$ cat final02.tsv   # TSV, C-alpha atoms
chain	number	residue	atom	x	y	z
D	1	MET	CA	28.30	-114.77	70.75
D	2	ASP	CA	31.96	-114.02	71.33
D	3	LYS	CA	33.07	-117.49	72.35
D	4	LYS	CA	31.89	-121.06	72.32
D	5	ILE	CA	29.61	-122.38	75.05
D	6	ILE	CA	30.23	-125.95	76.19
D	7	ILE	CA	27.44	-127.82	77.97
D	8	ARG	CA	28.13	-131.14	79.71
D	9	VAL	CA	25.24	-133.24	81.07
D	10	PRO	CA	25.56	-136.52	82.99
D	11	ALA	CA	23.66	-139.72	82.23
D	12	THR	CA	20.84	-140.57	84.61
D	13	SER	CA	18.93	-143.54	85.90
D	14	THR	CA	15.50	-143.46	87.51
D	15	GLY	CA	13.27	-145.72	89.54
D	16	LEU	CA	15.57	-146.52	92.45
D	17	GLY	CA	13.58	-148.98	94.53
D	18	THR	CA	9.97	-147.91	94.76
D	19	GLY	CA	10.78	-144.28	93.95
D	20	VAL	CA	9.18	-144.51	90.50
D	21	ASP	CA	9.05	-141.16	88.65
D	22	SER	CA	10.53	-139.57	91.78
D	23	ILE	CA	14.06	-140.74	92.63
D	24	GLY	CA	16.88	-140.41	90.11
D	25	ILE	CA	20.66	-140.51	90.08
D	26	ALA	CA	23.39	-139.04	87.86
D	27	PHE	CA	26.30	-141.07	86.50
D	28	GLY	CA	29.71	-140.16	85.10
D	29	LEU	CA	28.82	-140.77	81.44
D	30	TYR	CA	28.45	-137.48	79.62
D	31	TYR	CA	26.58	-135.79	76.80
D	32	THR	CA	28.54	-132.75	75.62
D	33	VAL	CA	27.26	-130.00	73.34
D	34	ILE	CA	29.47	-127.24	71.90
D	35	VAL	CA	27.49	-124.17	70.86
D	36	GLU	CA	29.31	-122.58	67.92
D	37	GLU	CA	28.63	-119.79	65.46
D	38	GLU	CA	25.26	-118.37	64.52
D	39	MET	CA	23.84	-119.85	61.29
D	40	GLN	CA	21.00	-119.30	58.85
D	41	HIS	CA	19.54	-122.63	59.96
D	42	TRP	CA	20.10	-124.95	62.90
D	43	GLN	CA	22.88	-127.45	62.26
D	44	VAL	CA	23.53	-130.26	64.77
D	45	ASN	CA	26.73	-132.18	64.08
D	46	HIS	CA	26.94	-135.63	65.69
D	47	ALA	CA	27.83	-139.28	65.10
D	48	LEU	CA	24.96	-140.71	67.16
D	49	GLY	CA	23.25	-142.54	64.31
D	50	LYS	CA	20.98	-141.88	61.36
D	51	ASP	CA	17.83	-141.75	63.51
D	52	ILE	CA	18.98	-138.60	65.34
D	53	PRO	CA	18.14	-135.43	63.31
D	54	HIS	CA	20.80	-132.90	62.36
D	55	ASN	CA	18.36	-129.98	61.98
D	56	GLU	CA	15.67	-128.16	63.94
D	57	ASP	CA	13.93	-131.50	64.55
D	58	ASN	CA	16.74	-132.49	66.91
D	59	LEU	CA	15.54	-132.74	70.52
D	60	ILE	CA	18.11	-130.19	71.70
D	61	VAL	CA	16.84	-127.58	69.25
D	62	ARG	CA	13.19	-128.36	69.94
D	63	THR	CA	13.88	-127.85	73.63
D	64	ILE	CA	15.72	-124.56	73.02
D	65	LEU	CA	12.86	-123.17	70.96
D	66	GLN	CA	10.25	-124.36	73.44
D	67	ILE	CA	12.06	-122.36	76.12
D	68	ASP	CA	12.59	-119.30	73.90
D	69	SER	CA	11.37	-119.34	70.29
D	70	SER	CA	13.24	-116.10	69.48
D	71	ILE	CA	16.71	-117.66	69.83
D	72	LYS	CA	18.53	-117.55	66.51
D	73	PRO	CA	19.91	-120.71	64.87
D	74	HIS	CA	23.40	-121.87	65.73
D	75	GLN	CA	25.72	-124.69	64.85
D	76	LEU	CA	25.87	-127.31	67.60
D	77	THR	CA	28.37	-130.15	67.89
D	78	VAL	CA	27.39	-133.11	70.05
D	79	MET	CA	29.65	-135.77	71.56
D	80	SER	CA	28.25	-138.44	73.86
D	81	ASP	CA	29.18	-141.61	75.66
D	82	VAL	CA	25.63	-142.05	76.99
D	83	PRO	CA	24.18	-145.15	75.27
D	84	ILE	CA	20.93	-144.50	73.42
D	85	GLY	CA	17.82	-146.49	74.36
D	86	LYS	CA	19.43	-148.26	77.31
D	87	GLY	CA	17.65	-146.65	80.23
D	88	LEU	CA	20.40	-144.16	81.07
D	89	GLY	CA	18.62	-140.96	80.15
D	90	ALA	CA	19.98	-140.24	76.66
D	91	SER	CA	16.92	-138.16	75.74
D	92	THR	CA	16.97	-136.45	79.14
D	93	THR	CA	20.55	-135.30	78.53
D	94	ALA	CA	19.43	-133.65	75.27
D	95	VAL	CA	16.56	-131.87	77.03
D	96	ALA	CA	18.85	-130.69	79.84
D	97	ALA	CA	21.40	-129.45	77.31
D	98	GLY	CA	18.69	-127.59	75.40
D	99	ILE	CA	17.51	-125.87	78.58
D	100	LYS	CA	21.05	-124.81	79.46
D	101	ILE	CA	21.69	-123.53	75.93
D	102	ALA	CA	18.43	-121.56	75.84
D	103	ASN	CA	19.24	-120.05	79.22
D	104	ALA	CA	22.68	-118.97	78.01
D	105	LEU	CA	21.82	-117.73	74.50
D	106	GLY	CA	18.64	-116.03	75.62
D	107	ASP	CA	20.16	-114.45	78.76
D	108	LEU	CA	17.11	-115.80	80.60
D	109	ASN	CA	18.66	-116.12	84.06
D	110	MET	CA	16.54	-119.18	84.80
D	111	SER	CA	17.03	-120.55	88.30
D	112	LEU	CA	17.71	-124.27	88.73
D	113	ASP	CA	14.16	-124.65	90.02
D	114	ASP	CA	12.87	-123.01	86.83
D	115	GLN	CA	15.05	-125.30	84.71
D	116	ILE	CA	13.83	-128.43	86.51
D	117	LYS	CA	10.22	-127.27	86.16
D	118	ALA	CA	10.66	-126.65	82.42
D	119	GLY	CA	12.31	-130.04	81.87
D	120	SER	CA	9.68	-131.82	83.98
D	121	LYS	CA	6.89	-130.39	81.84
D	122	MET	CA	8.64	-131.66	78.71
D	123	GLU	CA	9.35	-135.12	80.11
D	124	GLY	CA	6.20	-135.60	82.19
D	125	HIS	CA	8.14	-136.31	85.39
D	126	ALA	CA	10.99	-134.68	87.31
D	127	ASP	CA	13.27	-137.51	88.39
D	128	GLY	CA	15.64	-137.74	85.42
D	129	ILE	CA	15.86	-134.05	84.59
D	130	ALA	CA	16.48	-133.13	88.24
D	131	SER	CA	19.40	-135.55	88.51
D	132	ALA	CA	20.80	-134.43	85.15
D	133	LEU	CA	20.78	-130.79	86.24
D	134	LEU	CA	21.80	-131.23	89.88
D	135	GLY	CA	23.87	-134.43	90.02
D	136	ASP	CA	23.89	-137.05	92.81
D	137	ILE	CA	20.58	-138.61	93.88
D	138	THR	CA	17.51	-136.39	93.65
D	139	VAL	CA	14.07	-136.89	95.12
D	140	SER	CA	11.34	-135.03	93.22
D	141	TYR	CA	7.62	-134.40	93.14
D	142	PHE	CA	5.87	-133.15	90.00
D	143	ASP	CA	2.13	-132.53	89.69
D	144	GLY	CA	2.12	-131.52	86.04
D	145	ASP	CA	2.77	-127.88	86.84
D	146	MET	CA	5.11	-127.44	89.79
D	147	ALA	CA	8.28	-129.46	90.43
D	148	THR	CA	9.85	-129.73	93.86
D	149	THR	CA	13.25	-131.40	94.24
D	150	VAL	CA	15.65	-132.23	97.07
D	151	LYS	CA	19.23	-133.34	96.36
D	152	ALA	CA	20.61	-136.17	98.49
D	153	PRO	CA	24.38	-136.60	98.73
D	154	THR	CA	25.93	-139.95	97.88
D	155	PRO	CA	29.07	-141.18	99.64
D	156	GLU	CA	32.28	-140.42	97.71
D	157	ALA	CA	33.38	-144.05	98.02
D	158	ILE	CA	30.26	-145.39	96.28
D	159	ASN	CA	30.28	-146.17	92.55
D	160	ALA	CA	27.98	-148.13	90.27
D	161	LEU	CA	28.38	-151.28	88.21
D	162	ILE	CA	26.04	-150.95	85.25
D	163	TYR	CA	24.93	-153.92	83.18
D	164	ILE	CA	23.75	-152.80	79.74
D	165	ASN	CA	21.74	-155.25	77.66
D	166	LYS	CA	23.12	-155.72	74.15
D	167	GLN	CA	19.69	-156.30	72.62
D	168	GLU	CA	17.62	-153.50	71.16
D	169	PRO	CA	15.01	-152.18	73.61
D	170	ASP	CA	11.45	-153.48	73.47
D	171	LEU	CA	9.28	-150.37	73.56
D	172	ASN	CA	6.46	-152.37	75.18
D	173	HIS	CA	8.85	-153.77	77.78
D	174	ASN	CA	7.48	-152.14	80.94
D	175	VAL	CA	8.96	-153.56	84.12
D	176	TYR	CA	6.26	-152.04	86.36
D	177	LYS	CA	2.76	-153.27	87.19
D	178	GLN	CA	-0.09	-151.27	85.70
D	179	ASN	CA	-2.16	-151.60	88.89
D	180	ILE	CA	-1.35	-152.39	92.50
D	181	SER	CA	-3.46	-153.10	95.59
D	182	SER	CA	-3.79	-150.68	98.48
D	183	ASN	CA	-1.62	-152.98	100.61
D	184	GLN	CA	1.10	-152.93	97.96
D	185	ALA	CA	0.85	-149.14	97.77
D	186	ILE	CA	1.32	-148.87	101.54
D	187	MET	CA	4.34	-151.19	101.40
D	188	ALA	CA	5.83	-149.19	98.53
D	189	SER	CA	5.24	-145.90	100.33
D	190	SER	CA	6.89	-147.27	103.49
D	191	ALA	CA	9.93	-148.51	101.56
D	192	THR	CA	10.30	-145.18	99.76
D	193	ASN	CA	10.00	-143.26	103.01
D	194	VAL	CA	12.77	-145.32	104.62
D	195	LEU	CA	14.89	-145.06	101.46
D	196	VAL	CA	14.68	-141.26	101.44
D	197	ALA	CA	15.23	-140.99	105.20
D	198	ALA	CA	18.28	-143.25	104.93
D	199	LEU	CA	19.72	-141.18	102.09
D	200	MET	CA	19.26	-137.94	103.99
D	201	SER	CA	20.82	-139.33	107.17
D	202	ASN	CA	23.71	-140.94	105.22
D	203	GLU	CA	22.75	-144.47	106.25
D	204	TRP	CA	23.79	-145.98	102.94
D	205	THR	CA	23.41	-149.64	103.98
D	206	LYS	CA	19.75	-149.13	104.85
D	207	ALA	CA	19.23	-147.14	101.66
D	208	THR	CA	20.59	-149.92	99.44
D	209	GLU	CA	18.38	-152.50	101.17
D	210	MET	CA	15.33	-150.38	100.37
D	211	MET	CA	16.44	-150.01	96.73
D	212	GLU	CA	15.86	-153.74	96.31
D	213	LYS	CA	12.19	-153.67	97.31
D	214	GLU	CA	10.30	-154.91	94.25
D	215	THR	CA	6.72	-153.90	95.04
D	216	PHE	CA	6.17	-152.20	91.68
D	217	TYR	CA	7.94	-154.74	89.46
D	218	VAL	CA	5.74	-157.04	87.40
D	219	ASP	CA	5.34	-160.49	88.93
D	220	ASN	CA	7.32	-162.08	86.09
D	221	ILE	CA	10.19	-159.60	86.33
D	222	ASN	CA	12.75	-162.42	86.39
D	223	GLU	CA	11.36	-163.72	83.09
D	224	LYS	CA	11.36	-160.28	81.49
D	225	VAL	CA	14.77	-159.34	82.86
D	226	PRO	CA	16.47	-162.65	83.76
D	227	GLU	CA	19.80	-160.93	84.37
D	228	LEU	CA	18.35	-159.12	87.41
D	229	SER	CA	18.11	-162.24	89.59
D	230	ILE	CA	21.52	-163.47	88.41
D	231	ILE	CA	23.24	-160.20	89.26
D	232	LYS	CA	21.46	-159.89	92.62
D	233	LYS	CA	22.33	-163.48	93.56
D	234	HIS	CA	26.05	-163.01	92.92
D	235	ALA	CA	26.03	-159.56	94.55
D	236	HIS	CA	24.36	-160.90	97.70
D	237	GLU	CA	26.91	-163.73	97.90
D	238	LEU	CA	29.55	-160.98	98.10
D	239	GLY	CA	27.54	-159.00	100.66
D	240	ILE	CA	26.61	-156.29	98.12
D	241	TYR	CA	23.11	-154.78	98.14
D	242	GLY	CA	21.53	-152.01	96.09
D	243	THR	CA	20.69	-153.64	92.74
D	244	TYR	CA	17.73	-152.40	90.71
D	245	VAL	CA	16.58	-152.37	87.10
D	246	SER	CA	15.97	-149.24	85.03
D	247	LYS	CA	12.44	-148.37	83.92
D	248	THR	CA	13.06	-149.80	80.43
D	249	GLY	CA	14.67	-152.99	81.70
D	250	GLN	CA	17.72	-152.31	79.54
D	251	ALA	CA	20.12	-151.43	82.37
D	252	ILE	CA	20.69	-153.00	85.77
D	253	ILE	CA	22.57	-150.97	88.35
D	254	THR	CA	24.41	-152.17	91.46
D	255	PHE	CA	26.02	-149.82	93.98
D	256	GLY	CA	29.18	-150.49	95.98
D	257	THR	CA	32.79	-149.54	96.53
D	258	THR	CA	35.30	-149.94	93.72
D	259	SER	CA	36.74	-153.05	95.39
D	260	GLU	CA	33.31	-154.64	95.84
D	261	LEU	CA	32.20	-153.91	92.30
D	262	ASN	CA	35.43	-155.19	90.77
D	263	GLN	CA	34.83	-158.48	92.60
D	264	LEU	CA	31.26	-158.58	91.31
D	265	ARG	CA	32.33	-157.79	87.76
D	266	ASP	CA	34.88	-160.62	87.87
D	267	VAL	CA	32.21	-163.08	89.01
D	268	LEU	CA	29.66	-161.86	86.45
D	269	SER	CA	32.17	-162.11	83.60
D	270	THR	CA	31.64	-165.88	83.67
D	271	ALA	CA	27.89	-165.77	84.38
D	272	ASP	CA	25.15	-166.42	81.83
D	273	ILE	CA	24.34	-162.82	80.93
D	274	ASN	CA	24.45	-161.23	77.49
D	275	GLY	CA	25.52	-157.65	77.95
D	276	ASN	CA	28.25	-155.21	78.87
D	277	LEU	CA	29.42	-154.36	82.38
D	278	ARG	CA	30.77	-150.88	83.12
D	279	LEU	CA	32.10	-149.55	86.40
D	280	ILE	CA	30.97	-145.91	86.57
D	281	LYS	CA	31.40	-143.12	89.08
D	282	ILE	CA	28.42	-141.20	90.41
D	283	ASP	CA	28.27	-137.62	89.13
D	284	HIS	CA	28.02	-135.12	91.98
D	285	ASP	CA	27.86	-131.86	90.02
D	286	GLY	CA	25.11	-132.21	87.42
D	287	ALA	CA	25.05	-130.23	84.17
D	288	THR	CA	27.82	-127.69	83.72
D	289	VAL	CA	28.20	-124.67	81.43
D	290	ARG	CA	31.57	-123.27	80.34
D	291	GLY	CA	32.43	-120.26	78.21
D	292	GLU	CA	29.57	-117.94	79.09

$ encode --input "final02.tsv" --output "structure tokens"
Amino acid sequence: MDKKIIIRVPATSTGLGTGVDSIGIAFGLYYTVIVEEEMQHWQVNHALGKDIPHNEDNLIVRTILQIDSSIKPHQLTVMSDVPIGKGLGASTTAVAAGIKIANALGDLNMSLDDQIKAGSKMEGHADGIASALLGDITVSYFDGDMATTVKAPTPEAINALIYINKQEPDLNHNVYKQNISSNQAIMASSATNVLVAALMSNEWTKATEMMEKETFYVDNINEKVPELSIIKKHAHELGIYGTYVSKTGQAIITFGTTSELNQLRDVLSTADINGNLRLIKIDHDGATVRGE
């Protein structure tokens, strides 16, 4: 390798409205990997914490070798502002980076469809990996073998206010029902259909209304994630819609213009919530590769 390869992957969030395991979005928080010289053994330099391996057990390396086991070890340096374990796709960014690195080092010429399919097989669903690779909002279907994805543009004026819970994630903290009735399934399907149609026809107001349909949330969602009702209440008082909770319950996302979200952040700064609020842009480009 004559020069360094730099991979940058955006954070993601999944489960917009009733689009569980299907609809994802990319945010302007980034996971960056610099591929450096060839080594005798894989070396992953990072300051992400003692629980993240520095060797071939690292998720990036495991992904690379799953794509192409013949790729020789390299030194990788990782820098990230994607919070770990907070429902913003930290592990997905590592998988996406590994796919991009394998494609570059192995001269594999994988299409984006091939990359999404590979990542979907590793993750078990396509929503996060599709948004990480493509950017914007993506709508995906994955049957365990084939992944099909459509990218939906988001308005340039729209950003996100992300509430990130300070507490460590509860691994048993599922915000979705295990079973739903046929009537609930029909309602969820209808809401998702309207959400996708609104996204594709650029009717953002209708889309954000559909994002707040809670068919799949557990009945005690406001006990499990009390901040959700607080944030929605204050957002609605300001005329802002489009608030939903990430699959882990660790992040709550609200969409709006910069002016709207600054007003909401000011109001929430005095509310009874224990977490951090970050105003983040939506990423429109997805994962990028430089230096090839």

$ closest_residue --input "final02.tsv" --among "D:Asp145, D:Glu38, D:Asp219, D:Glu209" --to "Gly17 (chain D)" --atoms "only C-alpha atoms"
D:Glu209

$ closest_residue --input "final02.tsv" --among "D:Lys50, D:His234, D:Arg290, D:Arg278" --to "Val82 (chain D)" --atoms "only C-alpha atoms"
D:Arg278

$ residues_near_point --input "final02.tsv" --point "(17.0, -129.1, 83.5)" --cutoff "6 Å" --atoms "all atoms listed in the file" --output "mmCIF file with C-alpha atoms, keeping the file's coordinate frame"
data_model
loop_
_atom_site.group_PDB
_atom_site.id
_atom_site.type_symbol
_atom_site.label_atom_id
_atom_site.label_comp_id
_atom_site.auth_asym_id
_atom_site.auth_seq_id
_atom_site.Cartn_x
_atom_site.Cartn_y
_atom_site.Cartn_z
ATOM 1 C CA ALA D 96 18.850 -130.690 79.840
ATOM 2 C CA ILE D 99 17.510 -125.870 78.580
ATOM 3 C CA GLN D 115 15.050 -125.300 84.710
ATOM 4 C CA ILE D 116 13.830 -128.430 86.510
ATOM 5 C CA GLY D 119 12.310 -130.040 81.870
ATOM 6 C CA ILE D 129 15.860 -134.050 84.590
ATOM 7 C CA LEU D 133 20.780 -130.790 86.240
#

$ residues_around --input "final02.tsv" --residues "Ala198 (chain D)" --least-positions-apart "6" --cutoff "9 Å" --atoms "only C-alpha atoms" --output "short mmCIF file (atom, residue, chain, number, x, y, z; two decimals) with C-alpha atoms, in the frame of the given file"
data_model
loop_
_atom_site.label_atom_id
_atom_site.label_comp_id
_atom_site.auth_asym_id
_atom_site.auth_seq_id
_atom_site.Cartn_x
_atom_site.Cartn_y
_atom_site.Cartn_z
CA TRP D 204 23.79 -145.98 102.94
CA THR D 205 23.41 -149.64 103.98
CA LYS D 206 19.75 -149.13 104.85
CA ALA D 207 19.23 -147.14 101.66
CA THR D 208 20.59 -149.92 99.44
CA MET D 210 15.33 -150.38 100.37
#

$ closest_residue --input "final02.tsv" --among "D:Thr77, D:Ile71, D:Ser22, D:His236" --to "Ala47 (chain D)" --atoms "only C-alpha atoms"
D:Thr77

$ closest_atom_pairs --input "final02.tsv" --of "region 22-97 of chain D" --to "region 1-13 of chain D" --cutoff "8 Å" --atoms "all atoms listed in the file" --output "CSV"
residue,atom,partner,partner_atom,distance
D:Gly24,CA,D:Ser13,CA,5.6
D:Ile25,CA,D:Ser13,CA,5.4
D:Ala26,CA,D:Thr12,CA,4.4
D:Phe27,CA,D:Ala11,CA,5.2
D:Gly28,CA,D:Pro10,CA,5.9
D:Leu29,CA,D:Ala11,CA,5.3
D:Tyr30,CA,D:Pro10,CA,4.5
D:Tyr31,CA,D:Val9,CA,5.2
D:Thr32,CA,D:Arg8,CA,4.4
D:Val33,CA,D:Ile7,CA,5.1
D:Ile34,CA,D:Ile6,CA,4.5
D:Val35,CA,D:Ile5,CA,5.0
D:Glu36,CA,D:Lys4,CA,5.3
D:Glu37,CA,D:Met1,CA,7.3
D:Glu38,CA,D:Met1,CA,7.8
D:Val82,CA,D:Ala11,CA,6.1
D:Gly87,CA,D:Ser13,CA,6.6
D:Leu88,CA,D:Thr12,CA,5.1
D:Gly89,CA,D:Thr12,CA,5.0
D:Ala90,CA,D:Ala11,CA,6.7
D:Thr92,CA,D:Thr12,CA,7.9
D:Thr93,CA,D:Val9,CA,5.7
D:Ala96,CA,D:Val9,CA,7.0
D:Ala97,CA,D:Ile7,CA,6.3

$ closest_residue --input "final02.tsv" --among "D:Thr258, D:Thr149, D:Thr288, D:Thr248" --to "Asp114 (chain D)" --atoms "only C-alpha atoms"
D:Thr149

$ residues_around --input "final02.tsv" --residues "Thr257 (chain D)" --least-positions-apart "2" --cutoff "9 Å" --atoms "all atoms listed in the file" --output "VMD selection string"
chain D and resid 157 to 160 255 259 to 262

$ atom_distance --input "final02.tsv" --atom1 "CA of Tyr163 (chain D)" --atom2 "CA of Ile84 (chain D)"
14.1 Å

$ residues_near_point --input "final02.tsv" --point "(22.5, -162.9, 78.5)" --cutoff "9 Å" --atoms "only C-alpha atoms" --output "list in words"
Asn165, Lys166, Pro226, Glu227, Ala271, Asp272, Ile273, Asn274 and Gly275 of chain D

$ write_last_selection --input "final02.tsv" --atoms "C-alpha atoms" --output "JSON list (two decimals), in the coordinates of the input"
[["chain", "number", "residue", "atom", "x", "y", "z"],
["D", 165, "ASN", "CA", 21.74, -155.25, 77.66],
["D", 166, "LYS", "CA", 23.12, -155.72, 74.15],
["D", 226, "PRO", "CA", 16.47, -162.65, 83.76],
["D", 227, "GLU", "CA", 19.80, -160.93, 84.37],
["D", 271, "ALA", "CA", 27.89, -165.77, 84.38],
["D", 272, "ASP", "CA", 25.15, -166.42, 81.83],
["D", 273, "ILE", "CA", 24.34, -162.82, 80.93],
["D", 274, "ASN", "CA", 24.45, -161.23, 77.49],
["D", 275, "GLY", "CA", 25.52, -157.65, 77.95]]

$ atom_distance --input "final02.tsv" --atom1 "CA of Gly135 (chain D)" --atom2 "CA of Glu214 (chain D)"
24.9 Å

$ closest_atom_pairs --input "final02.tsv" --of "region 11-81 of chain D" --to "region 184-195 of chain D" --cutoff "12 Å" --atoms "all atoms listed in the file" --output "tab-separated table"
residue	atom	partner	partner_atom	distance
D:Gly15	CA	D:Thr192	CA	10.7
D:Leu16	CA	D:Thr192	CA	9.1
D:Gly17	CA	D:Thr192	CA	7.2
D:Thr18	CA	D:Thr192	CA	5.7
D:Gly19	CA	D:Thr192	CA	5.9
D:Val20	CA	D:Thr192	CA	9.4
D:Asp21	CA	D:Thr192	CA	11.9
D:Ser22	CA	D:Thr192	CA	9.8
D:Ile23	CA	D:Thr192	CA	9.2

$ residues_around --input "final02.tsv" --residues "Ser69 (chain D)" --least-positions-apart "4" --cutoff "12 Å" --atoms "all atoms listed in the file" --output "NGL selection string"
:D and (56 or 61-65 or 73 or 102-103 or 105-106)

$ atom_distance --input "final02.tsv" --atom1 "CA of Asn58 (chain D)" --atom2 "CA of Gly85 (chain D)"
15.9 Å

$ closest_residue --input "final02.tsv" --among "D:Leu264, D:Leu279, D:Leu108, D:Met211" --to "Ile231 (chain D)" --atoms "only C-alpha atoms"
D:Leu264

$ closest_residue --input "final02.tsv" --among "D:Lys86, D:His54, D:Lys121, D:Lys233" --to "Lys247 (chain D)" --atoms "all atoms listed in the file"
D:Lys86

$ axis_aligned_box --input "final02.tsv" --around "region 234-246 of chain D" --padding-each-side "5 Å" --output "lines of an AutoDock Vina configuration file"
center_x = 22.8
center_y = -156.5
center_z = 92.8
size_x = 23.6
size_y = 24.5
size_z = 25.6

$ build_atoms --input "final02.tsv" --residues "region 45-61 of chain D" --atoms "N, CA and C atoms" --output "short mmCIF file (atom, residue, chain, number, x, y, z; two decimals), keeping the file's coordinate frame"
data_model
loop_
_atom_site.label_atom_id
_atom_site.label_comp_id
_atom_site.auth_asym_id
_atom_site.auth_seq_id
_atom_site.Cartn_x
_atom_site.Cartn_y
_atom_site.Cartn_z
N ASN D 45 25.73 -131.21 64.51
CA ASN D 45 26.73 -132.18 64.08
C ASN D 45 26.87 -133.27 65.15
N HIS D 46 26.78 -134.52 64.75
CA HIS D 46 26.94 -135.63 65.69
C HIS D 46 27.20 -136.92 64.93
N ALA D 47 27.64 -137.94 65.67
CA ALA D 47 27.83 -139.28 65.10
C ALA D 47 27.03 -140.29 65.92
N LEU D 48 25.80 -139.91 66.27
CA LEU D 48 24.96 -140.71 67.16
C LEU D 48 24.03 -141.65 66.41
N GLY D 49 24.10 -141.64 65.08
CA GLY D 49 23.25 -142.54 64.31
C GLY D 49 22.28 -141.81 63.42
N LYS D 50 21.82 -142.50 62.39
CA LYS D 50 20.98 -141.88 61.36
C LYS D 50 19.59 -141.50 61.86
N ASP D 51 19.17 -142.05 63.00
CA ASP D 51 17.83 -141.75 63.51
C ASP D 51 17.78 -140.45 64.31
N ILE D 52 18.93 -139.85 64.57
CA ILE D 52 18.98 -138.60 65.34
C ILE D 52 19.10 -137.43 64.36
N PRO D 53 18.12 -136.53 64.30
CA PRO D 53 18.14 -135.43 63.31
C PRO D 53 19.33 -134.49 63.48
N HIS D 54 19.70 -133.88 62.37
CA HIS D 54 20.80 -132.90 62.36
C HIS D 54 20.27 -131.47 62.24
N ASN D 55 18.94 -131.31 62.22
CA ASN D 55 18.36 -129.98 61.98
C ASN D 55 17.47 -129.55 63.16
N GLU D 56 16.52 -128.69 62.87
CA GLU D 56 15.67 -128.16 63.94
C GLU D 56 14.76 -129.22 64.55
N ASP D 57 14.71 -130.42 63.97
CA ASP D 57 13.93 -131.50 64.55
C ASP D 57 14.68 -132.21 65.68
N ASN D 58 15.96 -131.89 65.84
CA ASN D 58 16.74 -132.49 66.91
C ASN D 58 16.15 -132.08 68.27
N LEU D 59 16.15 -132.99 69.21
CA LEU D 59 15.54 -132.74 70.52
C LEU D 59 16.18 -131.55 71.24
N ILE D 60 17.46 -131.36 71.07
CA ILE D 60 18.11 -130.19 71.70
C ILE D 60 17.49 -128.91 71.17
N VAL D 61 17.37 -128.80 69.86
CA VAL D 61 16.84 -127.58 69.25
C VAL D 61 15.37 -127.39 69.61
#
